[in-house]
file structure-v9.txt (compact mmCIF, C-alpha atoms and all ligand atoms)
# COMPACT_ATOMS: atom_id res chain seq x y z
CA MET A 1207 -17.88 1.32 20.40
CA LYS A 1208 -19.90 4.07 18.74
CA PHE A 1209 -18.84 7.71 19.02
CA PRO A 1210 -21.45 10.46 18.91
CA ASP A 1211 -21.72 12.22 15.57
CA LEU A 1212 -20.23 15.64 16.23
CA LYS A 1213 -19.45 16.55 12.65
CA SER A 1214 -22.15 19.16 12.15
CA LYS A 1215 -20.88 21.00 15.23
CA THR A 1216 -17.16 20.88 14.58
CA HIS A 1217 -14.75 23.05 12.62
CA PRO A 1218 -12.69 21.14 10.04
CA ASN A 1219 -9.11 21.80 10.96
CA PHE A 1220 -7.34 20.04 8.12
CA LYS A 1221 -4.14 21.66 6.98
CA GLY A 1222 -4.86 20.77 3.35
CA VAL A 1223 -2.38 21.49 0.56
CA PRO A 1224 -0.39 24.10 2.56
CA GLY A 1225 0.17 21.49 5.27
CA TRP A 1226 1.38 19.09 2.63
CA VAL A 1227 3.74 21.58 0.98
CA TRP A 1228 5.10 23.43 4.01
CA ALA A 1229 7.55 21.20 5.90
CA GLY A 1230 7.98 23.72 8.73
CA ARG A 1231 10.21 22.65 11.60
CA TYR A 1232 10.30 18.98 10.71
CA GLY A 1233 13.47 17.11 9.80
CA ILE A 1234 15.28 16.38 6.59
CA GLU A 1235 13.13 13.40 5.52
CA ARG A 1236 10.06 15.64 5.63
CA GLN A 1237 11.80 18.28 3.51
CA LEU A 1238 12.87 15.60 1.02
CA TYR A 1239 9.28 14.29 0.89
CA ILE A 1240 8.14 17.55 -0.67
CA LEU A 1241 11.26 17.97 -2.81
CA GLN A 1242 10.69 14.48 -4.24
CA ARG A 1243 7.10 15.43 -5.12
CA MET A 1244 8.07 18.77 -6.64
CA THR A 1245 10.87 17.32 -8.77
CA GLY A 1246 8.55 14.49 -9.86
CA LEU A 1247 5.86 16.95 -10.91
CA GLY A 1248 8.47 19.14 -12.65
CA VAL A 1249 9.82 16.22 -14.68
CA LEU A 1250 6.28 15.12 -15.55
CA LEU A 1251 5.36 18.63 -16.70
CA TYR A 1252 8.51 18.81 -18.82
CA LEU A 1253 7.71 15.40 -20.34
CA LEU A 1254 4.24 16.59 -21.34
CA MET A 1255 5.61 19.79 -22.90
CA HIS A 1256 8.32 17.78 -24.63
CA LEU A 1257 5.75 15.37 -26.09
CA ILE A 1258 3.58 18.26 -27.29
CA VAL A 1259 6.51 20.05 -28.97
CA THR A 1260 8.12 16.99 -30.54
CA GLY A 1261 4.72 15.54 -31.53
CA GLN A 1262 4.03 18.40 -33.97
CA LYS A 1263 4.28 17.71 -37.69
CA LEU A 1264 6.81 20.37 -38.70
CA ASP A 1265 8.99 20.86 -41.72
CA GLN A 1266 12.69 21.44 -41.22
CA SER A 1267 12.63 25.24 -41.15
CA SER A 1268 9.71 25.36 -38.67
CA TRP A 1269 11.46 22.78 -36.49
CA GLU A 1270 14.65 24.84 -36.49
CA PHE A 1271 12.61 27.92 -35.61
CA VAL A 1272 11.01 26.16 -32.61
CA MET A 1273 14.38 24.84 -31.46
CA GLY A 1274 15.80 28.35 -31.75
CA GLN A 1275 12.98 29.64 -29.54
CA VAL A 1276 13.53 27.06 -26.80
CA ASN A 1277 17.23 27.92 -26.73
CA GLN A 1278 16.57 31.55 -25.88
CA GLY A 1279 16.55 33.50 -22.63
CA LEU A 1280 16.05 31.54 -19.43
CA LEU A 1281 14.71 28.42 -21.13
CA PRO A 1282 18.07 26.54 -21.21
CA ILE A 1283 18.41 27.20 -17.47
CA GLY A 1284 14.91 25.77 -16.98
CA GLU A 1285 15.96 22.75 -19.01
CA PHE A 1286 19.04 22.32 -16.84
CA LEU A 1287 16.87 22.54 -13.71
CA VAL A 1288 14.72 19.72 -15.09
CA PHE A 1289 17.89 17.67 -15.52
CA ALA A 1290 18.99 18.45 -11.94
CA GLY A 1291 15.50 17.62 -10.65
CA ALA A 1292 15.44 14.33 -12.55
CA VAL A 1293 18.85 13.30 -11.15
CA PHE A 1294 17.79 14.06 -7.59
CA HIS A 1295 14.42 12.37 -8.08
CA ALA A 1296 16.01 9.18 -9.41
CA LEU A 1297 18.69 8.90 -6.71
CA ASN A 1298 16.36 9.80 -3.85
CA GLY A 1299 13.84 7.37 -5.34
CA ILE A 1300 16.35 4.53 -4.92
CA ARG A 1301 16.80 5.50 -1.25
CA LEU A 1302 13.03 5.64 -0.78
CA ALA A 1303 12.44 2.29 -2.48
CA LEU A 1304 14.87 0.67 -0.01
CA VAL A 1305 13.49 2.52 3.00
CA HIS A 1306 9.92 1.62 2.03
CA PHE A 1307 10.66 -1.99 2.83
CA GLY A 1308 12.46 -1.26 6.07
CA PHE A 1309 16.03 -1.54 4.74
CA LEU A 1310 18.75 0.96 5.74
CA MET A 1311 16.77 1.82 8.89
CA ARG A 1312 17.45 0.97 12.50
CA GLN A 1313 15.40 -2.04 13.48
CA PRO A 1314 12.91 -2.08 16.37
CA GLY A 1315 14.24 -2.35 19.88
CA ARG A 1316 13.38 -1.72 23.50
CA PRO A 1317 12.19 1.89 23.72
CA ILE A 1318 14.47 3.60 26.21
CA TYR A 1319 14.32 7.31 26.95
CA PRO A 1320 15.54 9.53 25.28
CA PHE A 1321 13.81 7.94 22.33
CA THR A 1322 15.40 7.82 18.94
CA VAL A 1323 14.03 7.27 15.44
CA ALA A 1324 14.95 4.61 12.89
CA ALA A 1325 15.37 7.34 10.27
CA LEU A 1326 18.77 8.17 11.76
CA GLY A 1327 19.99 4.81 10.50
CA GLN A 1328 19.50 5.88 6.89
CA ARG A 1329 20.89 9.42 7.15
CA TRP A 1330 24.08 8.26 5.46
CA ALA A 1331 21.93 7.38 2.44
CA VAL A 1332 20.37 10.87 2.51
CA TYR A 1333 23.82 12.48 2.49
CA SER A 1334 24.98 10.07 -0.24
CA VAL A 1335 22.01 11.19 -2.38
CA PHE A 1336 23.11 14.83 -1.91
CA ILE A 1337 26.74 14.09 -2.79
CA ALA A 1338 25.90 11.93 -5.83
CA THR A 1339 23.35 14.51 -7.07
CA ALA A 1340 25.89 17.34 -6.68
CA ALA A 1341 28.55 15.33 -8.57
CA ILE A 1342 26.29 14.36 -11.48
CA VAL A 1343 24.62 17.77 -11.75
CA GLY A 1344 28.03 19.46 -11.51
CA TYR A 1345 29.39 17.37 -14.35
CA GLY A 1346 26.19 17.93 -16.34
CA GLY A 1347 26.53 21.68 -15.78
CA TYR A 1348 30.07 21.60 -17.11
CA GLU A 1349 28.97 19.73 -20.25
CA PHE A 1350 25.81 21.84 -20.73
CA PHE A 1351 27.09 25.34 -20.04
CA ILE A 1352 30.83 25.18 -20.75
CA VAL A 1353 31.33 22.46 -23.38
CA ALA A 1354 28.03 22.90 -25.25
CA GLY A 1355 27.92 26.65 -24.48
CA HIS A 1356 24.16 26.98 -23.75
CA MET B 467 16.45 26.22 42.72
CA THR B 468 19.09 26.94 40.08
CA GLU B 469 20.00 30.50 39.07
CA GLN B 470 18.42 29.89 35.67
CA ALA B 471 15.20 28.66 37.27
CA LYS B 472 15.15 31.72 39.56
CA GLY B 473 15.51 33.90 36.46
CA CYS B 474 12.47 32.22 34.87
CA GLN B 475 10.33 32.55 37.97
CA ASP B 476 7.81 35.37 37.58
CA LYS B 477 8.80 36.06 33.98
CA GLU B 478 5.73 37.22 32.10
CA MET B 479 4.69 35.02 29.19
CA THR B 480 2.01 35.58 26.57
CA PHE B 481 -0.16 32.67 25.49
CA ARG B 482 -1.91 33.02 22.15
CA ILE B 483 -4.63 30.43 22.29
CA MET B 484 -7.01 29.30 19.59
CA ARG B 485 -10.65 29.60 20.66
CA TYR B 486 -13.74 28.18 19.01
CA ASP B 487 -17.25 27.76 20.29
CA PRO B 488 -19.37 25.88 17.73
CA ASP B 489 -22.55 27.52 19.00
CA LYS B 490 -21.22 31.08 18.63
CA ASP B 491 -18.25 31.25 16.28
CA ALA B 492 -18.25 30.83 12.52
CA LYS B 493 -14.54 30.03 12.65
CA PRO B 494 -11.74 29.81 15.20
CA TYR B 495 -9.91 32.93 16.39
CA PHE B 496 -7.02 33.68 18.75
CA GLN B 497 -7.16 35.12 22.24
CA GLN B 498 -4.15 36.28 24.25
CA TYR B 499 -3.48 35.73 27.93
CA LYS B 500 -0.54 36.91 30.01
CA ILE B 501 0.65 34.81 32.93
CA LYS B 502 3.61 34.81 35.30
CA LEU B 503 5.87 31.84 34.70
CA GLN B 504 6.42 29.53 37.66
CA HIS B 505 9.23 27.09 38.21
CA GLY B 506 8.53 23.74 36.53
CA MET B 507 5.44 24.99 34.73
CA THR B 508 4.34 22.89 31.77
CA ILE B 509 2.20 24.18 28.91
CA LEU B 510 -0.70 22.25 30.43
CA ASP B 511 -0.07 23.86 33.84
CA ALA B 512 -0.19 27.24 32.09
CA LEU B 513 -3.53 26.39 30.47
CA MET B 514 -4.92 25.24 33.80
CA HIS B 515 -3.65 28.43 35.41
CA ILE B 516 -5.36 30.53 32.74
CA LYS B 517 -8.60 28.59 33.21
CA GLU B 518 -8.47 28.94 37.00
CA THR B 519 -7.49 32.60 37.20
CA GLN B 520 -8.56 34.33 33.98
CA ASP B 521 -11.02 32.49 31.78
CA PRO B 522 -13.07 29.55 33.03
CA THR B 523 -14.54 29.04 29.54
CA LEU B 524 -11.21 27.83 28.10
CA SER B 525 -11.60 24.18 27.08
CA TYR B 526 -8.89 21.57 26.67
CA ARG B 527 -8.56 17.85 27.26
CA LYS B 528 -6.29 16.31 29.87
CA SER B 529 -6.26 13.54 32.40
CA CYS B 530 -3.09 11.95 33.77
CA ARG B 531 -0.67 14.92 33.58
CA MET B 532 2.24 12.50 33.26
CA GLY B 533 2.45 11.49 29.61
CA ILE B 534 0.43 8.31 29.99
CA CYS B 535 -3.13 8.95 28.83
CA GLY B 536 -2.37 10.82 25.59
CA SER B 537 -5.26 13.25 25.92
CA CYS B 538 -3.36 16.56 26.16
CA ALA B 539 -1.64 16.65 22.74
CA MET B 540 -1.86 20.09 21.10
CA GLN B 541 0.04 22.15 18.56
CA VAL B 542 2.54 24.25 20.49
CA ASN B 543 4.17 26.84 18.23
CA GLY B 544 3.14 24.72 15.26
CA PHE B 545 4.49 21.39 16.51
CA PRO B 546 2.37 18.61 18.05
CA ARG B 547 3.37 17.98 21.66
CA LEU B 548 2.03 16.42 24.83
CA THR B 549 1.45 19.63 26.76
CA CYS B 550 1.85 17.92 30.14
CA GLN B 551 5.33 16.84 29.09
CA THR B 552 6.45 20.18 27.66
CA GLN B 553 8.03 22.73 29.97
CA VAL B 554 7.23 26.33 29.11
CA THR B 555 10.97 27.07 29.35
CA GLU B 556 11.64 24.50 26.60
CA ILE B 557 9.90 26.83 24.18
CA SER B 558 12.23 29.64 23.34
CA THR B 559 9.66 32.28 22.36
CA ASP B 560 8.07 34.84 24.72
CA THR B 561 4.71 34.35 23.04
CA ILE B 562 3.57 30.74 22.85
CA GLU B 563 0.87 29.79 20.39
CA VAL B 564 -1.36 26.87 21.36
CA ARG B 565 -3.79 25.38 18.87
CA PRO B 566 -5.75 22.14 18.84
CA LEU B 567 -4.05 19.23 17.07
CA ALA B 568 -4.04 19.82 13.31
CA ASN B 569 -5.95 17.55 10.92
CA TYR B 570 -8.77 16.77 13.36
CA PRO B 571 -12.09 18.62 13.50
CA ILE B 572 -12.29 20.99 16.47
CA ILE B 573 -15.04 20.28 18.98
CA ARG B 574 -14.31 23.36 21.05
CA ASP B 575 -11.22 25.54 21.74
CA LEU B 576 -8.29 23.10 22.10
CA VAL B 577 -10.35 19.91 22.02
CA PRO B 578 -10.03 17.86 18.82
CA ASP B 579 -12.54 15.23 17.73
CA LEU B 580 -10.63 11.94 17.84
CA GLY B 581 -13.63 9.81 16.82
CA ASP B 582 -12.37 9.05 13.30
CA PHE B 583 -8.88 8.45 14.62
CA MET B 584 -10.14 5.80 17.05
CA ALA B 585 -12.31 4.26 14.33
CA ARG B 586 -9.25 3.94 12.10
CA HIS B 587 -7.38 2.23 14.91
CA GLU B 588 -10.31 -0.13 15.42
CA SER B 589 -10.44 -0.90 11.70
CA ILE B 590 -7.07 -2.70 11.64
CA LEU B 591 -8.23 -5.37 14.13
CA PRO B 592 -5.97 -4.30 17.00
CA TYR B 593 -5.93 -7.56 18.93
CA ILE B 594 -4.32 -10.98 18.76
CA ILE B 595 -6.16 -13.15 16.23
CA ARG B 596 -5.90 -16.93 16.55
CA GLU B 597 -7.87 -19.95 15.62
CA ASP B 598 -7.83 -21.53 19.09
CA HIS B 599 -10.76 -19.46 20.37
CA GLN B 600 -11.43 -21.94 23.15
CA GLU B 601 -7.90 -21.45 24.54
CA GLN B 602 -8.07 -17.67 24.07
CA ASN B 603 -11.33 -17.38 25.96
CA ASN B 604 -10.47 -19.89 28.68
CA PRO B 605 -6.67 -19.87 28.88
CA THR B 606 -5.00 -22.93 30.34
CA GLY B 607 -1.52 -21.36 30.16
CA GLU B 608 0.57 -18.81 28.32
CA TYR B 609 1.56 -18.54 24.69
CA SER B 610 5.28 -18.78 24.32
CA GLN B 611 7.27 -15.68 23.35
CA SER B 612 11.00 -15.07 23.68
CA PRO B 613 12.44 -11.69 24.76
CA ALA B 614 13.78 -11.23 21.21
CA GLU B 615 10.29 -11.83 19.78
CA LEU B 616 8.88 -9.35 22.27
CA GLU B 617 11.30 -6.66 21.07
CA GLU B 618 10.04 -7.07 17.51
CA TYR B 619 6.85 -5.22 18.44
CA LEU B 620 7.31 -3.78 21.95
CA GLN B 621 8.03 -0.19 20.91
CA PHE B 622 4.88 -0.09 18.77
CA ALA B 623 2.85 -1.24 21.77
CA TYR B 624 3.92 1.92 23.63
CA CYS B 625 1.43 4.02 21.65
CA ILE B 626 -0.86 6.06 23.92
CA LYS B 627 -3.18 7.17 21.08
CA CYS B 628 -2.39 10.83 21.57
CA GLY B 629 -2.93 11.53 17.86
CA SER B 630 0.19 13.69 17.41
CA CYS B 631 1.42 11.58 14.50
CA LEU B 632 -1.64 12.32 12.36
CA ALA B 633 -1.28 16.02 13.09
CA ALA B 634 2.30 15.87 11.79
CA CYS B 635 1.69 13.67 8.74
CA PRO B 636 1.65 15.57 5.41
CA THR B 637 -0.34 12.83 3.68
CA ASN B 638 -2.99 13.04 6.36
CA ALA B 639 -3.22 16.81 5.79
CA THR B 640 -4.78 16.24 2.38
CA ASP B 641 -6.15 12.69 2.46
CA ARG B 642 -8.96 12.45 4.99
CA LYS B 643 -9.41 8.75 4.34
CA PHE B 644 -5.77 7.87 4.97
CA THR B 645 -5.52 5.07 7.55
CA GLY B 646 -2.82 7.16 9.23
CA PRO B 647 0.47 6.43 10.96
CA GLN B 648 -0.99 5.40 14.30
CA ALA B 649 -3.32 2.71 12.92
CA LEU B 650 -0.73 1.45 10.44
CA ALA B 651 1.92 1.16 13.16
CA ALA B 652 -0.65 -0.62 15.33
CA ALA B 653 -1.30 -3.02 12.46
CA TYR B 654 2.43 -3.77 12.40
CA ARG B 655 2.47 -4.14 16.19
CA TYR B 656 0.05 -7.08 15.89
CA ALA B 657 1.50 -8.43 12.64
CA ALA B 658 4.93 -8.65 14.31
CA ASP B 659 3.60 -10.35 17.43
CA SER B 660 4.72 -13.99 17.37
CA ARG B 661 1.45 -15.05 19.05
CA ASP B 662 -0.70 -13.59 16.26
CA GLY B 663 -2.09 -15.54 13.33
CA GLY B 664 -4.21 -12.81 11.77
CA LEU B 665 -1.84 -11.26 9.23
CA ALA B 666 -4.02 -12.09 6.22
CA ALA B 667 -7.17 -10.67 7.84
CA ARG B 668 -5.32 -7.55 8.95
CA LEU B 669 -3.78 -6.97 5.52
CA ASP B 670 -7.26 -7.29 4.04
CA THR B 671 -8.40 -4.34 6.17
CA LEU B 672 -5.60 -2.31 4.58
CA ASP B 673 -6.44 -3.32 1.02
CA HIS B 674 -7.63 0.07 -0.20
CA PRO B 675 -5.98 3.06 -1.92
CA ASN B 676 -5.76 5.26 1.20
CA SER B 677 -3.70 2.84 3.14
CA LEU B 678 -0.11 1.57 3.46
CA PHE B 679 1.27 2.87 0.19
CA ARG B 680 -0.02 6.41 0.74
CA CYS B 681 2.88 6.69 3.18
CA HIS B 682 5.87 8.14 1.33
CA TYR B 683 8.12 8.27 4.34
CA ALA B 684 8.22 11.89 5.41
CA GLY B 685 9.10 10.67 8.91
CA ALA B 686 7.23 13.59 10.53
CA CYS B 687 5.03 11.21 12.55
CA SER B 688 8.07 9.64 14.17
CA GLU B 689 9.52 13.04 15.00
CA ALA B 690 6.28 14.12 16.65
CA CYS B 691 5.62 10.88 18.56
CA PRO B 692 6.24 11.52 22.27
CA LYS B 693 6.53 7.83 23.19
CA GLY B 694 9.28 6.63 20.86
CA VAL B 695 6.84 4.48 18.89
CA ASP B 696 8.42 5.54 15.58
CA PRO B 697 5.27 4.84 13.53
CA SER B 698 7.01 5.44 10.20
CA LEU B 699 9.34 2.51 10.93
CA GLY B 700 6.34 0.29 11.69
CA ILE B 701 4.70 1.29 8.41
CA GLN B 702 7.76 0.44 6.32
CA LEU B 703 8.18 -2.89 8.10
CA LEU B 704 4.51 -3.63 7.48
CA LYS B 705 5.11 -3.03 3.76
CA ARG B 706 7.86 -5.63 3.97
CA LYS B 707 5.48 -8.06 5.71
CA LEU B 708 2.89 -7.45 2.99
CA PHE B 709 5.49 -8.17 0.31
CA GLN B 710 6.60 -11.35 2.08
CA LYS B 711 3.03 -12.56 2.48
CA LYS B 712 1.49 -11.59 -0.87
CA ILE B 713 4.47 -11.97 -3.22
CA LEU B 714 6.65 -14.59 -1.54
CA GLY B 715 3.73 -16.40 0.10
CA ARG B 716 5.50 -16.44 3.46
CA GLY B 717 3.10 -16.58 6.38
CA GLN B 718 3.63 -16.90 10.07
CA LYS B 719 2.49 -19.70 12.32
CA PRO B 720 1.34 -18.31 15.64
CA ALA B 721 3.37 -19.40 18.65
CA GLY B 722 2.16 -22.40 20.60
CA MET B 723 1.71 -22.77 24.33
CA ALA B 724 4.68 -22.24 26.60
CA GLN B 725 5.82 -25.44 28.27
CA THR B 726 5.40 -25.38 32.01
CA PRO B 727 8.75 -26.43 33.48
CA ALA B 728 8.48 -29.91 34.96
CA GLY B 729 8.99 -30.58 38.63
CA ILE B 730 8.43 -27.01 39.80
CA GLY B 731 5.72 -26.34 42.34
CA ARG B 732 4.32 -23.19 43.88
CA ARG B 733 6.59 -21.83 46.61
CA GLU B 734 5.20 -21.82 50.07
CA GLY B 735 3.38 -18.66 51.07
CA ILE B 736 2.55 -17.54 47.56
CA PRO B 737 -1.25 -17.27 47.35
CA GLN B 738 -3.31 -18.69 44.51
CA ALA B 739 -4.56 -16.30 41.84
CA PRO B 740 -8.05 -15.04 42.67
CA GLU B 741 -11.05 -16.66 41.00
CA LYS B 742 -12.05 -15.17 37.66
CA THR B 743 -14.79 -12.59 38.00
CA VAL B 744 -15.82 -12.34 34.34
S1 LIG A 1401 2.15 6.57 17.47
FE1 LIG A 1401 3.00 8.08 18.91
S2 LIG A 1401 2.21 10.05 18.15
FE2 LIG A 1401 0.94 8.45 17.21
S3 LIG A 1401 -0.81 8.22 18.57
FE3 LIG A 1401 0.72 6.69 19.22
S4 LIG A 1401 1.93 7.73 20.83
FE4 LIG A 1401 0.78 9.34 19.76
S1 LIG A 1402 -2.51 14.65 30.39
FE1 LIG A 1402 -2.20 12.53 30.03
S2 LIG A 1402 -0.62 12.56 28.53
FE2 LIG A 1402 -0.80 14.64 29.06
call {"tool": "encode", "arguments": {"input": "structure-v9.txt", "output": "structure tokens"}}
result
Amino acid sequence: MKFPDLKSKTHPNFKGVPGWVWAGRYGIERQLYILQRMTGLGVLLYLLMHLIVTGQKLDQSSWEFVMGQVNQGLLPIGEFLVFAGAVFHALNGIRLALVHFGFLMRQPGRPIYPFTVAALGQRWAVYSVFIATAAIVGYGGYEFFIVAGH
Amino acid sequence: MTEQAKGCQDKEMTFRIMRYDPDKDAKPYFQQYKIKLQHGMTILDALMHIKETQDPTLSYRKSCRMGICGSCAMQVNGFPRLTCQTQVTEISTDTIEVRPLANYPIIRDLVPDLGDFMARHESILPYIIREDHQEQNNPTGEYSQSPAELEEYLQFAYCIKCGSCLAACPTNATDRKFTGPQALAAAYRYAADSRDGGLAARLDTLDHPNSLFRCHYAGACSEACPKGVDPSLGIQLLKRKLFQKKILGRGQKPAGMAQTPAGIGRREGIPQAPEKTV
């Protein structure tokens, strides 16, 4: 069936990037969708900066100068945030890889009102990701800030 | 009428409605209407009331008024809903904002253009594909299917093509070529049907970069779906089917004909089926 071409007369109503970023009133999986993207982009950005800095041909004193600079001010906190983001991204990525093939979820059934969603079946995995991330990041924070004294 | 319902009766509500006339307006704008709430009023009832009593130019789409046809989906306070199934009292704000479904071009006021959406649905071959065309066109019986096999796909067959899932989907917000949750779940609906033998052909229709693997499981489509279809589940299960077919080489043989039980005749008084007209 052919639909009339209305495009020239319509207003594009696509949400665009704000609709992608802003999770609004949707549930936890939607919030994690954007957090997974943001942490992924953060880690990628850090990797690029890391490659640029460590790829320079520097003698020892220049190298020590650069390292001294990146240890100043808020930069160690930024570095710790990259670590926290990477831990979350990795653990949540495992959950997503399983969910992407239909594991962990409730399987299809007869739809009976009030309807439910299969996502509820994998909420335990969502909470496990939070707990494991908090434990690893907490331990990392202890090593980074207290033991190493950054 | 309950005390709470009596309290709602005659309460004044403000509706902030998005308006757009392609012949006059460069872009959409909002217009406010005040109405008196009536017992049992749905958002769609409120729109009809506004159209009948205040502004006959207000345009929206509706048909069944009972959650069957899928034509009345709109964004109500930012969330896609079937307006005929949403009571005004369910919305806890005194001002209710109604916009056309997001991520579809607006034809006029609250009417979205669902042409692309339907074309995407059509693209995944939404019908049973088999090689026995002769039997399909001139059936001599029924294909066999057990109740358990039916439940594999039944919930995905409940889709009424309201389009709410695409309005909720964050991937669809930026990727205009994305096949979308509705069509992908429909592809799974047929792929999971034991009578179907068209998995390879259907997967071929999805063999492009804006398809299955653009879904990163935000689950918003399933939250928005008013019919319990749970499209995001269908999409993930379709990924599994793709893996089984393409990597493990596991296909599916479509079900054969159901055996007619022997020795059972038509009971007396039950008329014959009418002659075919087409
Ligand atoms: S899957 Fe649900 S939300 Fe999407 S079109 Fe079908 S009924 Fe509407
Ligand atoms: S008018 Fe048919 S679903 Fe709302």
call {"tool": "closest_residue", "arguments": {"input": "structure-v9.txt", "among": "B:His599, B:Arg527, B:Lys500, B:His505", "to": "B:Ala539", "atoms": "all atoms listed in the file"}}
result
B:Arg527
call {"tool": "residues_near_ligand", "arguments": {"input": "structure-v9.txt", "ligand": "ligand LIG 1401 (chain A)", "cutoff": "7 Å", "atoms": "all atoms listed in the file", "output": "list in words"}}
result
Gly536, Tyr624, Cys625, Ile626, Lys627, Cys628, Gly629, Ser630, Cys631, Leu632, Pro647, Gln648, Ala651, Cys687, Ala690, Cys691, Pro692, Lys693, Gly694, Val695, Asp696 and Pro697 of chain B
call {"tool": "residues_near_ligand", "arguments": {"input": "structure-v9.txt", "ligand": "ligand LIG 1402 (chain A)", "cutoff": "6 Å", "atoms": "all atoms listed in the file", "output": "list of chain:residue names"}}
result
B:Lys528, B:Ser529, B:Cys530, B:Arg531, B:Met532, B:Gly533, B:Ile534, B:Cys535, B:Gly536, B:Ser537, B:Cys538, B:Leu548, B:Thr549, B:Cys550
call {"tool": "residues_around", "arguments": {"input": "structure-v9.txt", "residues": "B:Pro605", "least_positions_apart": "5", "cutoff": "12 Å", "atoms": "only C-alpha atoms", "output": "list of chain:residue names"}}
result
B:Asp598, B:His599, B:Gln600, B:Met723, B:Ala724, B:Lys742
call {"tool": "interface_residues", "arguments": {"input": "structure-v9.txt", "of": "chain B", "to": "chain A", "cutoff": "8 Å", "atoms": "only C-alpha atoms", "output": "short mmCIF file (atom, residue, chain, number, x, y, z; two decimals) with C-alpha atoms, in the coordinates of the input"}}
result
data_model
loop_
_atom_site.label_atom_id
_atom_site.label_comp_id
_atom_site.auth_asym_id
_atom_site.auth_seq_id
_atom_site.Cartn_x
_atom_site.Cartn_y
_atom_site.Cartn_z
CA PRO B 488 -19.37 25.88 17.73
CA ASP B 489 -22.55 27.52 19.00
CA LYS B 493 -14.54 30.03 12.65
CA PRO B 494 -11.74 29.81 15.20
CA PHE B 545 4.49 21.39 16.51
CA ALA B 568 -4.04 19.82 13.31
CA ASN B 569 -5.95 17.55 10.92
CA TYR B 570 -8.77 16.77 13.36
CA PRO B 571 -12.09 18.62 13.50
CA ILE B 572 -12.29 20.99 16.47
CA ILE B 573 -15.04 20.28 18.98
CA ARG B 574 -14.31 23.36 21.05
CA ASP B 579 -12.54 15.23 17.73
CA GLY B 581 -13.63 9.81 16.82
CA GLU B 617 11.30 -6.66 21.07
CA GLU B 618 10.04 -7.07 17.51
CA TYR B 619 6.85 -5.22 18.44
CA LEU B 620 7.31 -3.78 21.95
CA GLN B 621 8.03 -0.19 20.91
CA PRO B 636 1.65 15.57 5.41
CA THR B 637 -0.34 12.83 3.68
CA ALA B 639 -3.22 16.81 5.79
CA THR B 640 -4.78 16.24 2.38
CA HIS B 682 5.87 8.14 1.33
CA TYR B 683 8.12 8.27 4.34
CA ALA B 684 8.22 11.89 5.41
CA GLY B 685 9.10 10.67 8.91
CA ALA B 686 7.23 13.59 10.53
CA SER B 688 8.07 9.64 14.17
CA GLU B 689 9.52 13.04 15.00
CA LYS B 693 6.53 7.83 23.19
CA GLY B 694 9.28 6.63 20.86
CA VAL B 695 6.84 4.48 18.89
CA ASP B 696 8.42 5.54 15.58
CA LEU B 699 9.34 2.51 10.93
CA GLN B 702 7.76 0.44 6.32
CA LEU B 703 8.18 -2.89 8.10
CA LEU B 704 4.51 -3.63 7.48
CA LYS B 705 5.11 -3.03 3.76
CA ARG B 706 7.86 -5.63 3.97
#
call {"tool": "atom_distance", "arguments": {"input": "structure-v9.txt", "atom1": "atom CA of B:Ser660", "atom2": "atom CA of B:Ala721"}}
result
5.7 Å
call {"tool": "atom_distance", "arguments": {"input": "structure-v9.txt", "atom1": "atom CA of B:Asn676", "atom2": "atom CA of B:Thr645"}}
result
6.4 Å
call {"tool": "atom_distance", "arguments": {"input": "structure-v9.txt", "atom1": "atom CA of A:Thr1245", "atom2": "atom CA of B:Phe709"}}
result
27.6 Å
call {"tool": "residues_around", "arguments": {"input": "structure-v9.txt", "residues": "A:His1256", "least_positions_apart": "4", "cutoff": "12 Å", "atoms": "only C-alpha atoms", "output": "count of residues only"}}
result
12
call {"tool": "residues_around", "arguments": {"input": "structure-v9.txt", "residues": "B:Lys477", "least_positions_apart": "2", "cutoff": "7 Å", "atoms": "all atoms listed in the file", "output": "PyMOL selection string"}}
result
chain B and resi 474-475+479+502-503
call {"tool": "closest_residue", "arguments": {"input": "structure-v9.txt", "among": "B:Val542, B:Ala623, B:Leu591, B:Ala667", "to": "B:Leu576", "atoms": "all atoms listed in the file"}}
result
B:Val542
call {"tool": "residues_around", "arguments": {"input": "structure-v9.txt", "residues": "B:Arg485", "least_positions_apart": "2", "cutoff": "6 Å", "atoms": "all atoms listed in the file", "output": "PDB file with C-alpha atoms, in the coordinates of the input"}}
result
ATOM      1  CA  PRO B 494     -11.740  29.810  15.200  1.00  0.00           C
ATOM      2  CA  TYR B 495      -9.910  32.930  16.390  1.00  0.00           C
ATOM      3  CA  PHE B 496      -7.020  33.680  18.750  1.00  0.00           C
ATOM      4  CA  ASP B 575     -11.220  25.540  21.740  1.00  0.00           C
TER       5      ASP B 575
END
call {"tool": "closest_residue", "arguments": {"input": "structure-v9.txt", "among": "B:His515, B:Tyr656, B:Gln718, B:Ala492", "to": "B:Ile595", "atoms": "all atoms listed in the file"}}
result
B:Tyr656
call {"tool": "closest_residue", "arguments": {"input": "structure-v9.txt", "among": "B:Asn638, B:Gln738, B:Thr480, B:Gln710", "to": "B:Leu665", "atoms": "only C-alpha atoms"}}
result
B:Gln710
call {"tool": "residues_around", "arguments": {"input": "structure-v9.txt", "residues": "B:Ile509", "least_positions_apart": "2", "cutoff": "6 Å", "atoms": "all atoms listed in the file", "output": "PDB file with C-alpha atoms, keeping the file's coordinate frame"}}
result
ATOM      1  CA  ASP B 511      -0.070  23.860  33.840  1.00  0.00           C
ATOM      2  CA  ALA B 512      -0.190  27.240  32.090  1.00  0.00           C
ATOM      3  CA  THR B 549       1.450  19.630  26.760  1.00  0.00           C
ATOM      4  CA  THR B 552       6.450  20.180  27.660  1.00  0.00           C
ATOM      5  CA  VAL B 554       7.230  26.330  29.110  1.00  0.00           C
TER       6      VAL B 554
END
